[in-house]
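Participant: Input file: start.pdb. Contents: PDB, C-alpha atoms.
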MODEL        1
ATOM      1  CA  MET H   1       0.000   0.000   0.000
ATOM      2  CA  THR H   2       2.965   2.315   0.534
ATOM      3  CA  PHE H   3       3.728   2.117  -3.185
ATOM      4  CA  LEU H   4       0.126   3.058  -4.032
ATOM      5  CA  ASN H   5       0.231   5.975  -1.617
ATOM      6  CA  PHE H   6       3.380   7.280  -3.292
ATOM      7  CA  LEU H   7       1.870   6.732  -6.738
ATOM      8  CA  ILE H   8      -1.293   8.666  -5.896
ATOM      9  CA  SER H   9       0.768  11.476  -4.345
ATOM     10  CA  GLY H  10       2.852  11.590  -7.520
ATOM     11  CA  ILE H  11      -0.229  11.758  -9.747
ATOM     12  CA  SER H  12      -1.639  14.565  -7.580
ATOM     13  CA  LEU H  13       1.574  16.607  -7.731
ATOM     14  CA  GLY H  14       1.909  15.808 -11.423
ATOM     15  CA  SER H  15      -1.629  17.052 -12.043
ATOM     16  CA  ILE H  16      -0.653  20.460 -10.633
ATOM     17  CA  TYR H  17       2.454  20.493 -12.834
ATOM     18  CA  ALA H  18       0.287  19.499 -15.800
ATOM     19  CA  ILE H  19      -2.143  22.405 -15.287
ATOM     20  CA  ILE H  20       0.770  24.863 -15.131
ATOM     21  CA  ALA H  21       2.466  23.182 -18.105
ATOM     22  CA  LEU H  22      -0.712  23.547 -20.167
ATOM     23  CA  GLY H  23      -0.388  27.322 -19.762
ATOM     24  CA  TYR H  24       3.262  27.215 -20.832
ATOM     25  CA  THR H  25       2.595  24.981 -23.807
ATOM     26  CA  MET H  26      -0.334  27.050 -25.103
ATOM     27  CA  VAL H  27       1.665  30.285 -25.030
ATOM     28  CA  TYR H  28       4.673  28.642 -26.652
ATOM     29  CA  GLY H  29       2.548  26.780 -29.193
ATOM     30  CA  ILE H  30       0.788  29.943 -30.412
ATOM     31  CA  ALA H  31       3.193  32.833 -29.666
ATOM     32  CA  LYS H  32       6.444  30.798 -29.893
ATOM     33  CA  MET H  33       7.767  32.414 -26.712
ATOM     34  CA  LEU H  34       8.593  31.195 -23.216
ATOM     35  CA  ASN H  35       6.659  33.158 -20.601
ATOM     36  CA  PHE H  36       8.890  32.720 -17.542
ATOM     37  CA  ALA H  37       6.605  35.073 -15.606
ATOM     38  CA  HIS H  38       3.975  32.321 -15.628
ATOM     39  CA  GLY H  39       5.121  30.988 -12.240
ATOM     40  CA  ASP H  40       4.590  34.405 -10.674
ATOM     41  CA  VAL H  41       1.051  34.603 -12.035
ATOM     42  CA  ILE H  42       0.466  31.377 -10.071
ATOM     43  CA  MET H  43       1.625  33.187  -6.933
ATOM     44  CA  VAL H  44      -0.678  36.155  -7.618
ATOM     45  CA  GLY H  45      -3.678  33.831  -8.044
ATOM     46  CA  ALA H  46      -2.904  32.084  -4.754
ATOM     47  CA  TYR H  47      -2.635  35.400  -2.889
ATOM     48  CA  ILE H  48      -5.883  36.749  -4.351
ATOM     49  CA  CYS H  49      -7.755  33.615  -3.304
ATOM     50  CA  PHE H  50      -6.078  33.646   0.130
ATOM     51  CA  TYR H  51      -7.132  37.219   0.915
ATOM     52  CA  ALA H  52     -10.616  36.765  -0.569
ATOM     53  CA  VAL H  53     -11.283  33.795   1.721
ATOM     54  CA  SER H  54      -9.264  34.688   4.841
ATOM     55  CA  ARG H  55      -9.695  38.456   5.051
ATOM     56  CA  PHE H  56     -13.033  39.052   3.349
ATOM     57  CA  ASN H  57     -14.678  35.731   4.342
ATOM     58  CA  LEU H  58     -15.834  34.980   0.805
ATOM     59  CA  PRO H  59     -16.765  31.391  -0.128
ATOM     60  CA  PRO H  60     -13.826  29.383  -1.545
ATOM     61  CA  LEU H  61     -15.467  29.074  -4.973
ATOM     62  CA  VAL H  62     -15.860  32.862  -5.163
ATOM     63  CA  GLY H  63     -12.214  33.224  -4.146
ATOM     64  CA  VAL H  64     -11.097  30.881  -6.945
ATOM     65  CA  ILE H  65     -13.239  32.688  -9.534
ATOM     66  CA  LEU H  66     -11.918  36.063  -8.369
ATOM     67  CA  ALA H  67      -8.341  34.757  -8.621
ATOM     68  CA  MET H  68      -9.017  33.516 -12.163
ATOM     69  CA  ILE H  69     -10.459  36.885 -13.200
ATOM     70  CA  VAL H  70      -7.521  38.849 -11.744
ATOM     71  CA  CYS H  71      -4.928  36.523 -13.267
ATOM     72  CA  THR H  72      -6.688  36.526 -16.647
ATOM     73  CA  VAL H  73      -6.650  40.326 -16.743
ATOM     74  CA  LEU H  74      -3.047  40.356 -15.475
ATOM     75  CA  GLY H  75      -1.959  37.964 -18.217
ATOM     76  CA  MET H  76      -3.569  40.110 -20.931
ATOM     77  CA  VAL H  77      -2.046  43.317 -19.508
ATOM     78  CA  VAL H  78       1.428  41.756 -19.328
ATOM     79  CA  GLU H  79       1.110  40.513 -22.891
ATOM     80  CA  ARG H  80      -0.067  43.901 -24.151
ATOM     81  CA  LEU H  81       2.561  46.008 -22.328
ATOM     82  CA  ALA H  82       5.603  43.725 -22.231
ATOM     83  CA  TYR H  83       5.382  41.200 -25.060
ATOM     84  CA  LYS H  84       3.331  42.751 -27.859
ATOM     85  CA  PRO H  85       5.954  45.480 -28.626
ATOM     86  CA  LEU H  86       8.512  42.675 -29.036
ATOM     87  CA  ARG H  87       6.491  40.635 -31.521
ATOM     88  CA  GLN H  88       9.207  40.946 -34.205
ATOM     89  CA  ALA H  89      12.152  41.119 -31.766
ATOM     90  CA  PRO H  90      14.775  38.369 -31.366
ATOM     91  CA  SER H  91      13.947  35.527 -28.984
ATOM     92  CA  LEU H  92      16.637  36.651 -26.538
ATOM     93  CA  ALA H  93      14.961  40.045 -26.070
ATOM     94  CA  VAL H  94      11.629  38.363 -25.302
ATOM     95  CA  LEU H  95      13.308  35.972 -22.861
ATOM     96  CA  ILE H  96      15.012  38.810 -20.974
ATOM     97  CA  THR H  97      11.713  40.705 -20.831
ATOM     98  CA  ALA H  98       9.953  37.646 -19.413
ATOM     99  CA  ILE H  99      12.562  37.357 -16.658
ATOM    100  CA  GLY H 100      12.146  41.083 -15.944
ATOM    101  CA  VAL H 101       8.367  40.723 -15.669
ATOM    102  CA  SER H 102       8.901  37.798 -13.287
ATOM    103  CA  TYR H 103      11.097  39.884 -10.968
ATOM    104  CA  PHE H 104       8.649  42.790 -11.187
ATOM    105  CA  LEU H 105       5.732  40.608 -10.063
ATOM    106  CA  GLN H 106       7.750  39.027  -7.238
ATOM    107  CA  ASN H 107       8.914  42.358  -5.847
ATOM    108  CA  THR H 108       5.457  43.885  -6.197
ATOM    109  CA  ALA H 109       4.127  40.952  -4.169
ATOM    110  CA  LEU H 110       6.780  41.600  -1.525
ATOM    111  CA  LEU H 111       5.679  45.230  -1.254
ATOM    112  CA  LEU H 112       1.974  44.381  -1.136
ATOM    113  CA  TRP H 113       1.959  41.251   1.004
ATOM    114  CA  SER H 114       5.415  41.151   2.698
ATOM    115  CA  SER H 115       7.724  38.145   2.824
ATOM    116  CA  ASN H 116       6.078  36.575   5.881
ATOM    117  CA  PRO H 117       4.826  33.024   5.192
ATOM    118  CA  LYS H 118       1.048  32.638   5.251
ATOM    119  CA  VAL H 119      -0.898  29.448   5.902
ATOM    120  CA  PHE H 120      -3.331  28.776   3.094
ATOM    121  CA  PRO H 121      -6.789  27.681   4.325
ATOM    122  CA  SER H 122      -7.994  24.151   3.620
ATOM    123  CA  PHE H 123     -11.026  24.067   1.321
ATOM    124  CA  PHE H 124     -11.380  20.305   1.136
ATOM    125  CA  VAL H 125     -13.069  19.172   4.339
ATOM    126  CA  SER H 126     -16.271  17.118   4.385
ATOM    127  CA  GLY H 127     -19.286  17.972   6.494
ATOM    128  CA  SER H 128     -18.243  15.334   9.023
ATOM    129  CA  GLY H 129     -14.788  16.904   9.357
ATOM    130  CA  GLY H 130     -12.959  14.304   7.266
ATOM    131  CA  THR H 131     -10.211  15.334   4.883
ATOM    132  CA  GLY H 132     -10.023  12.253   2.704
ATOM    133  CA  VAL H 133     -11.150   8.776   1.730
ATOM    134  CA  GLU H 134      -9.723   5.716   3.482
ATOM    135  CA  LEU H 135      -9.490   2.376   1.676
ATOM    136  CA  PHE H 136      -8.319  -1.117   2.684
ATOM    137  CA  GLY H 137      -8.957  -0.522   6.354
ATOM    138  CA  GLY H 138      -7.140   2.809   6.427
ATOM    139  CA  GLN H 139      -3.948   1.507   4.765
ATOM    140  CA  LEU H 140      -4.597   3.665   1.718
ATOM    141  CA  LYS H 141      -5.772   7.230   2.294
ATOM    142  CA  ILE H 142      -6.605   9.608  -0.555
ATOM    143  CA  SER H 143      -7.178  13.214   0.458
ATOM    144  CA  TYR H 144      -9.999  15.228  -1.056
ATOM    145  CA  VAL H 145      -7.532  17.774  -2.444
ATOM    146  CA  THR H 146      -5.751  14.927  -4.263
ATOM    147  CA  LEU H 147      -8.972  13.628  -5.804
ATOM    148  CA  PHE H 148     -10.123  17.116  -6.747
ATOM    149  CA  THR H 149      -6.747  18.029  -8.266
ATOM    150  CA  ILE H 150      -6.662  14.940 -10.493
ATOM    151  CA  ILE H 151     -10.275  15.405 -11.619
ATOM    152  CA  ILE H 152      -9.775  19.114 -12.371
ATOM    153  CA  CYS H 153      -6.599  18.376 -14.343
ATOM    154  CA  VAL H 154      -8.324  15.783 -16.551
ATOM    155  CA  ILE H 155     -11.318  18.100 -17.133
ATOM    156  CA  ILE H 156      -9.051  21.012 -18.111
ATOM    157  CA  MET H 157      -7.010  18.867 -20.495
ATOM    158  CA  LEU H 158     -10.150  17.516 -22.205
ATOM    159  CA  ALA H 159     -11.731  20.989 -22.347
ATOM    160  CA  LEU H 160      -8.613  22.507 -23.938
ATOM    161  CA  THR H 161      -8.379  19.669 -26.449
ATOM    162  CA  TRP H 162     -12.019  20.263 -27.423
ATOM    163  CA  PHE H 163     -11.550  24.050 -27.462
ATOM    164  CA  THR H 164      -8.527  24.012 -29.769
ATOM    165  CA  GLY H 165     -10.050  21.411 -32.065
ATOM    166  CA  LYS H 166     -13.703  22.445 -32.362
ATOM    167  CA  THR H 167     -14.155  26.159 -31.676
ATOM    168  CA  LYS H 168     -13.491  29.075 -34.023
ATOM    169  CA  MET H 169     -10.994  30.684 -31.633
ATOM    170  CA  GLY H 170      -9.268  27.348 -31.100
ATOM    171  CA  LYS H 171      -8.850  26.865 -34.845
ATOM    172  CA  ALA H 172      -7.508  30.419 -35.087
ATOM    173  CA  MET H 173      -4.943  29.519 -32.416
ATOM    174  CA  ARG H 174      -3.869  26.454 -34.367
ATOM    175  CA  ALA H 175      -3.580  28.525 -37.536
ATOM    176  CA  CYS H 176      -1.403  31.119 -35.763
ATOM    177  CA  SER H 177       0.709  28.291 -34.385
ATOM    178  CA  GLU H 178       1.386  27.012 -37.902
ATOM    179  CA  ASP H 179       2.007  30.349 -39.652
ATOM    180  CA  LYS H 180       1.112  33.772 -38.247
ATOM    181  CA  GLY H 181       1.591  35.526 -41.593
ATOM    182  CA  ALA H 182      -0.700  33.134 -43.466
ATOM    183  CA  ALA H 183      -3.268  33.290 -40.651
ATOM    184  CA  GLN H 184      -3.330  37.092 -40.856
ATOM    185  CA  LEU H 185      -3.815  36.952 -44.621
ATOM    186  CA  MET H 186      -6.822  34.680 -44.025
ATOM    187  CA  GLY H 187      -8.451  37.329 -41.829
ATOM    188  CA  ILE H 188      -7.444  36.070 -38.391
ATOM    189  CA  ASN H 189      -6.652  38.738 -35.798
ATOM    190  CA  VAL H 190      -3.282  37.433 -34.628
ATOM    191  CA  ASP H 191      -2.887  39.943 -31.794
ATOM    192  CA  ALA H 192      -6.319  39.115 -30.343
ATOM    193  CA  THR H 193      -5.601  35.402 -30.665
ATOM    194  CA  ILE H 194      -2.311  35.691 -28.778
ATOM    195  CA  SER H 195      -3.991  37.822 -26.077
ATOM    196  CA  MET H 196      -6.662  35.141 -25.664
ATOM    197  CA  THR H 197      -3.939  32.516 -25.319
ATOM    198  CA  PHE H 198      -2.309  34.501 -22.515
ATOM    199  CA  ALA H 199      -5.706  34.963 -20.870
ATOM    200  CA  ILE H 200      -6.417  31.217 -20.878
ATOM    201  CA  GLY H 201      -2.917  30.358 -19.662
ATOM    202  CA  SER H 202      -3.113  32.896 -16.821
ATOM    203  CA  GLY H 203      -6.559  31.660 -15.781
ATOM    204  CA  LEU H 204      -5.144  28.129 -15.557
ATOM    205  CA  ALA H 205      -2.247  29.511 -13.490
ATOM    206  CA  ALA H 206      -4.744  30.843 -10.923
ATOM    207  CA  ILE H 207      -6.360  27.400 -10.600
ATOM    208  CA  ALA H 208      -2.938  25.784 -10.277
ATOM    209  CA  GLY H 209      -1.942  28.289  -7.582
ATOM    210  CA  VAL H 210      -4.993  27.495  -5.467
ATOM    211  CA  LEU H 211      -4.511  23.727  -5.855
ATOM    212  CA  LEU H 212      -0.790  23.993  -5.133
ATOM    213  CA  CYS H 213      -1.336  25.942  -1.918
ATOM    214  CA  SER H 214      -4.180  23.640  -0.888
ATOM    215  CA  ALA H 215      -1.794  20.686  -1.104
ATOM    216  CA  TYR H 216       1.252  22.557   0.261
ATOM    217  CA  PRO H 217      -0.250  25.308   2.438
ATOM    218  CA  THR H 218       2.733  27.674   2.899
ATOM    219  CA  LEU H 219       2.270  30.817   0.784
ATOM    220  CA  VAL H 220       5.152  33.240   0.070
ATOM    221  CA  PRO H 221       5.925  35.615  -2.852
ATOM    222  CA  THR H 222       8.138  32.964  -4.487
ATOM    223  CA  THR H 223       5.447  30.251  -4.259
ATOM    224  CA  GLY H 224       5.193  29.691  -8.003
ATOM    225  CA  SER H 225       8.882  29.945  -8.936
ATOM    226  CA  MET H 226      10.062  26.348  -8.489
ATOM    227  CA  PRO H 227       6.728  24.734  -9.515
ATOM    228  CA  GLY H 228       6.789  27.006 -12.561
ATOM    229  CA  ILE H 229      10.270  25.818 -13.540
ATOM    230  CA  LYS H 230       9.295  22.181 -13.004
ATOM    231  CA  ALA H 231       6.094  22.663 -15.005
ATOM    232  CA  PHE H 232       8.134  24.144 -17.849
ATOM    233  CA  THR H 233      10.337  21.056 -17.589
ATOM    234  CA  ALA H 234       7.188  18.920 -17.766
ATOM    235  CA  ALA H 235       6.041  20.767 -20.903
ATOM    236  CA  VAL H 236       9.420  20.134 -22.569
ATOM    237  CA  PHE H 237       9.387  16.538 -21.290
ATOM    238  CA  GLY H 238       6.018  15.810 -22.877
ATOM    239  CA  GLY H 239       6.614  17.894 -26.010
ATOM    240  CA  ILE H 240       6.154  21.643 -25.683
ATOM    241  CA  GLY H 241       3.306  22.887 -27.845
ATOM    242  CA  SER H 242       1.322  19.675 -27.338
ATOM    243  CA  ILE H 243      -1.623  19.708 -24.908
ATOM    244  CA  PRO H 244      -1.610  15.911 -24.334
ATOM    245  CA  GLY H 245       2.191  16.144 -24.059
ATOM    246  CA  ALA H 246       1.968  18.748 -21.275
ATOM    247  CA  PHE H 247      -0.567  16.558 -19.460
ATOM    248  CA  LEU H 248       1.580  13.412 -19.781
ATOM    249  CA  GLY H 249       4.796  15.247 -18.958
ATOM    250  CA  GLY H 250       3.297  16.776 -15.813
ATOM    251  CA  LEU H 251       2.010  13.446 -14.517
ATOM    252  CA  LEU H 252       5.288  11.631 -15.187
ATOM    253  CA  LEU H 253       7.334  14.414 -13.631
ATOM    254  CA  GLY H 254       5.226  14.382 -10.456
ATOM    255  CA  ILE H 255       5.478  10.602 -10.148
ATOM    256  CA  ILE H 256       9.247  10.642 -10.722
ATOM    257  CA  GLU H 257       9.720  13.395  -8.117
ATOM    258  CA  ILE H 258       7.685  11.636  -5.412
ATOM    259  CA  PHE H 259       9.370   8.266  -5.985
ATOM    260  CA  ALA H 260      12.799   9.924  -6.025
ATOM    261  CA  LYS H 261      12.038  11.522  -2.655
ATOM    262  CA  ALA H 262      10.727   8.237  -1.258
ATOM    263  CA  TYR H 263      13.346   5.794  -2.538
ATOM    264  CA  ILE H 264      16.462   7.868  -3.287
ATOM    265  CA  SER H 265      16.763  11.163  -1.385
ATOM    266  CA  THR H 266      14.674  14.233  -0.711
ATOM    267  CA  GLN H 267      17.759  16.385  -1.399
ATOM    268  CA  LEU H 268      18.472  14.687  -4.740
ATOM    269  CA  SER H 269      14.890  14.448  -6.021
ATOM    270  CA  ASP H 270      15.147  17.602  -8.150
ATOM    271  CA  ALA H 271      18.433  16.395  -9.631
ATOM    272  CA  VAL H 272      16.800  13.074 -10.541
ATOM    273  CA  VAL H 273      13.904  14.890 -12.228
ATOM    274  CA  PHE H 274      16.175  17.034 -14.394
ATOM    275  CA  ALA H 275      18.468  14.083 -15.138
ATOM    276  CA  VAL H 276      15.490  12.140 -16.500
ATOM    277  CA  LEU H 277      14.577  15.155 -18.640
ATOM    278  CA  ILE H 278      18.092  15.286 -20.098
ATOM    279  CA  ILE H 279      18.007  11.576 -20.921
ATOM    280  CA  VAL H 280      14.593  11.876 -22.611
ATOM    281  CA  LEU H 281      15.707  14.869 -24.698
ATOM    282  CA  LEU H 282      18.875  13.056 -25.758
ATOM    283  CA  VAL H 283      16.774  10.134 -27.001
ATOM    284  CA  LYS H 284      13.784  12.151 -28.279
ATOM    285  CA  PRO H 285      14.638  15.863 -28.629
ATOM    286  CA  ALA H 286      11.055  16.918 -29.389
ATOM    287  CA  GLY H 287       9.717  15.352 -26.172
ATOM    288  CA  LEU H 288       7.554  12.296 -25.665
ATOM    289  CA  LEU H 289       4.592  13.488 -27.781
ATOM    290  CA  GLY H 290       6.254  16.370 -29.641
ATOM    291  CA  LYS H 291       6.627  16.387 -33.400
ATOM    292  CA  GLN H 292      10.021  16.728 -35.022
ATOM    293  CA  ILE H 293       9.777  19.677 -37.427
ATOM    294  CA  ARG H 294      12.207  19.839 -40.321
ATOM    295  CA  GLU H 295      12.987  23.236 -41.755
ATOM    296  CA  LYS H 296      14.245  23.817 -45.270
ATOM    297  CA  VAL H 297      17.371  25.961 -45.409
TER
ENDMDL
END
Would you kindly transcribe this structure into structure tokens?

Facilitator:
Amino acid sequence: MTFLNFLISGISLGSIYAIIALGYTMVYGIAKMLNFAHGDVIMVGAYICFYAVSRFNLPPLVGVILAMIVCTVLGMVVERLAYKPLRQAPSLAVLITAIGVSYFLQNTALLLWSSNPKVFPSFFVSGSGGTGVELFGGQLKISYVTLFTIIICVIIMLALTWFTGKTKMGKAMRACSEDKGAAQLMGINVDATISMTFAIGSGLAAIAGVLLCSAYPTLVPTTGSMPGIKAFTAAVFGGIGSIPGAFLGGLLLGIIEIFAKAYISTQLSDAVVFAVLIIVLLVKPAGLLGKQIREKV
């Protein structure tokens, strides 16, 4: 049963990574840029929900919705002010700007909310006071936050797959991903499409922030930094630009991290995760589900 407990914990952590990675992979897939400020949007969403519930006594669902709205608007504002002027700039300029936006958000959070750790409230308690489901006579315990995280992750992945494949905006995103110039000639508003991509990715970051702090309740201004880096790793692992790849990469990364902590070392778990990534990229450079694109020179 210990193995199953570790496996379920890994799937839960991997589901959080997958939700964050979906935001990374959508932005990269459409805009062809790496938004390294994405982890800090996670932190902003967690803080908004924390203050909405703890200080203003709003219901948790209202807090989550408010966090999604704020992060969605924040993502669109960041895209408009920081990234849109660099649409034709070299990739290095965009990367440096993304790092600058990340530091700006972190230091703004420090000014607004201080560096003192805050304990995130638990939303997942049953009416009888229980926090999870016990199976096999209590040998296997699955917390409600674990169940909810896995379910939410699967729903988001399926919804995004349907959205990009069936809706008009989703098809516009796929067209921009293939060729922005050709998409613009066909009447697609590329700027609006990229802004919508940032909005969706930032809204997912808010959900991920709430789930992350529900599972690991300490909240500080750098909350999203390391999970953001690991989620980016998961997106590359699965094949950046691929929605199923981000989902698979997140789950595998979470499982590898938990098993590395359990059976190898808690200090070396991050090293094991990144070592596995290096091995995968050496064998399959495009990631597990990524497509190898050949360019004519």

Participant: Could you name the residues that touch Ser114 of chain H at 12 Å or less, counting all atoms listed in the file, but leaving out those on the same chain fewer than 6 positions away, as a list in words?

Facilitator: Tyr47, Gln106, Asn107, Thr108, Leu219, Val220, Pro221 and Thr222 of chain H

Participant: Go through the shown structure with the PyMOL selection byres ((chain H and resi 105) around 10) and write out the matching residues as JSON, numbers by chain.

Facilitator: {"H": [37, 39, 40, 41, 43, 44, 100, 101, 102, 103, 104, 106, 107, 108, 109, 110, 111, 221, 222]}

Participant: Under the PyMOL selection byres ((chain H and resi 173-187) around 6), which residues of this model are included? Write them out as JSON, numbers by chain.

Facilitator: {"H": [29, 30, 170, 171, 172, 188]}

Participant: For the PyMOL selection byres ((chain H and resi 244-260) around 8), applied here, can you spell out every residue it catches as an MDAnalysis selection string?

Facilitator: chainID H and resid 6:7 9:19 21:22 25 157 231 234:243 261:266 268:270 272:273 287:290

Participant: Let me make sure I understand: among H:Leu140, H:Ile207, H:Met169, H:Ile194, which one has the smallest atom-to-atom distance to Ile156 of chain H if we use only C-alpha atoms?

Facilitator: H:Ile207

Participant: Measuring atom to atom with only C-alpha atoms, identify which of H:Val154, H:Val70, H:Val276, H:Val62 is nearest to Ile42 of chain H.

Facilitator: H:Val70

Participant: Could you check the closest approach to Val210 of chain H for each of H:Val133, H:Val145, H:Ala82, H:Ile229 and tell me which residue wins, using only C-alpha atoms?

Facilitator: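 Using only C-alpha atoms, Val210 of chain H sits closest to H:Val145.
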
Participant: How many Å separate atom CA of Leu92 of chain H from atom CA of Val190 of chain H?

Facilitator: 21.5 Å

Participant: Which of these residues is nearest to Thr146 of chain H, using all atoms listed in the file: H:Leu212, H:Val53, H:Ala286, H:Ile48?

Facilitator: H:Leu212

Participant: So how many Å separate atom CA of Ala46 of chain H and atom CA of Ala206 of chain H, to one decimal?

Facilitator: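 Separating atom CA of Ala46 of chain H from atom CA of Ala206 of chain H is a distance of 6.6 Å.
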
Participant: Return the single residue from H:Gly63, H:Gly45, H:Pro117, H:Gly75 that is closest to Met196 of chain H, with distances computed using only C-alpha atoms.

Facilitator: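 Of all the options, H:Gly75 lies closest to Met196 of chain H.
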
Participant: From the set H:Lys168, H:Glu134, H:Phe274, H:Met33, which residue has the shortest atom-to-atom contact distance to Glu79 of chain H, counting all atoms listed in the file?

Facilitator: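 Under the stated criterion, the closest residue is H:Met33.
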
Participant: Rounded to one decimal, what separation in Å do you get between atom CA of Gly203 of chain H and atom CA of Phe232 of chain H?

Facilitator: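 Atom CA of Phe232 of chain H lies at a distance of 16.6 Å from atom CA of Gly203 of chain H.
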
Participant: Please list as a VMD selection string every residue within 8 Å of Ala199 of chain H, counting only C-alpha atoms and excluding residues in the same chain fewer than 4 positions away.

Facilitator: chain H and resid 71 to 73 75 to 76 195 203

Participant: Rebuild segment 63-84 of chain H to N, CA and C atoms - output it as a short mmCIF file (atom, residue, chain, number, x, y, z; two decimals), in the frame of the given file, please.

Facilitator:
data_model
loop_
_atom_site.label_atom_id
_atom_site.label_comp_id
_atom_site.auth_asym_id
_atom_site.auth_seq_id
_atom_site.Cartn_x
_atom_site.Cartn_y
_atom_site.Cartn_z
N GLY H 63 -13.63 32.88 -4.18
CA GLY H 63 -12.21 33.22 -4.15
C GLY H 63 -11.47 32.71 -5.35
N VAL H 64 -11.76 31.47 -5.77
CA VAL H 64 -11.10 30.88 -6.94
C VAL H 64 -11.49 31.65 -8.21
N ILE H 65 -12.77 31.95 -8.35
CA ILE H 65 -13.24 32.69 -9.53
C ILE H 65 -12.61 34.07 -9.59
N LEU H 66 -12.54 34.74 -8.42
CA LEU H 66 -11.92 36.06 -8.37
C LEU H 66 -10.44 35.99 -8.75
N ALA H 67 -9.75 34.95 -8.27
CA ALA H 67 -8.34 34.76 -8.62
C ALA H 67 -8.18 34.53 -10.12
N MET H 68 -9.07 33.76 -10.72
CA MET H 68 -9.02 33.52 -12.16
C MET H 68 -9.23 34.80 -12.95
N ILE H 69 -10.18 35.63 -12.51
CA ILE H 69 -10.46 36.88 -13.20
C ILE H 69 -9.26 37.81 -13.13
N VAL H 70 -8.68 37.96 -11.92
CA VAL H 70 -7.52 38.85 -11.74
C VAL H 70 -6.34 38.36 -12.57
N CYS H 71 -6.07 37.06 -12.53
CA CYS H 71 -4.93 36.52 -13.27
C CYS H 71 -5.15 36.60 -14.78
N THR H 72 -6.38 36.40 -15.22
CA THR H 72 -6.69 36.53 -16.65
C THR H 72 -6.41 37.93 -17.13
N VAL H 73 -6.89 38.92 -16.39
CA VAL H 73 -6.65 40.33 -16.74
C VAL H 73 -5.15 40.64 -16.67
N LEU H 74 -4.48 40.13 -15.62
CA LEU H 74 -3.05 40.36 -15.48
C LEU H 74 -2.28 39.79 -16.66
N GLY H 75 -2.63 38.58 -17.08
CA GLY H 75 -1.96 37.96 -18.22
C GLY H 75 -2.12 38.78 -19.49
N MET H 76 -3.32 39.30 -19.73
CA MET H 76 -3.57 40.11 -20.93
C MET H 76 -2.82 41.44 -20.86
N VAL H 77 -2.76 42.05 -19.66
CA VAL H 77 -2.05 43.32 -19.51
C VAL H 77 -0.55 43.12 -19.73
N VAL H 78 0.00 42.04 -19.15
CA VAL H 78 1.43 41.76 -19.33
C VAL H 78 1.75 41.52 -20.80
N GLU H 79 0.89 40.78 -21.47
CA GLU H 79 1.11 40.51 -22.89
C GLU H 79 1.06 41.81 -23.70
N ARG H 80 0.10 42.66 -23.39
CA ARG H 80 -0.07 43.90 -24.15
C ARG H 80 1.10 44.87 -23.92
N LEU H 81 1.54 45.01 -22.66
CA LEU H 81 2.56 46.01 -22.33
C LEU H 81 3.99 45.50 -22.54
N ALA H 82 4.23 44.23 -22.22
CA ALA H 82 5.60 43.72 -22.23
C ALA H 82 5.97 42.93 -23.49
N TYR H 83 5.03 42.13 -23.99
CA TYR H 83 5.38 41.20 -25.06
C TYR H 83 4.94 41.65 -26.45
N LYS H 84 3.82 42.34 -26.54
CA LYS H 84 3.33 42.75 -27.86
C LYS H 84 4.33 43.66 -28.59
#
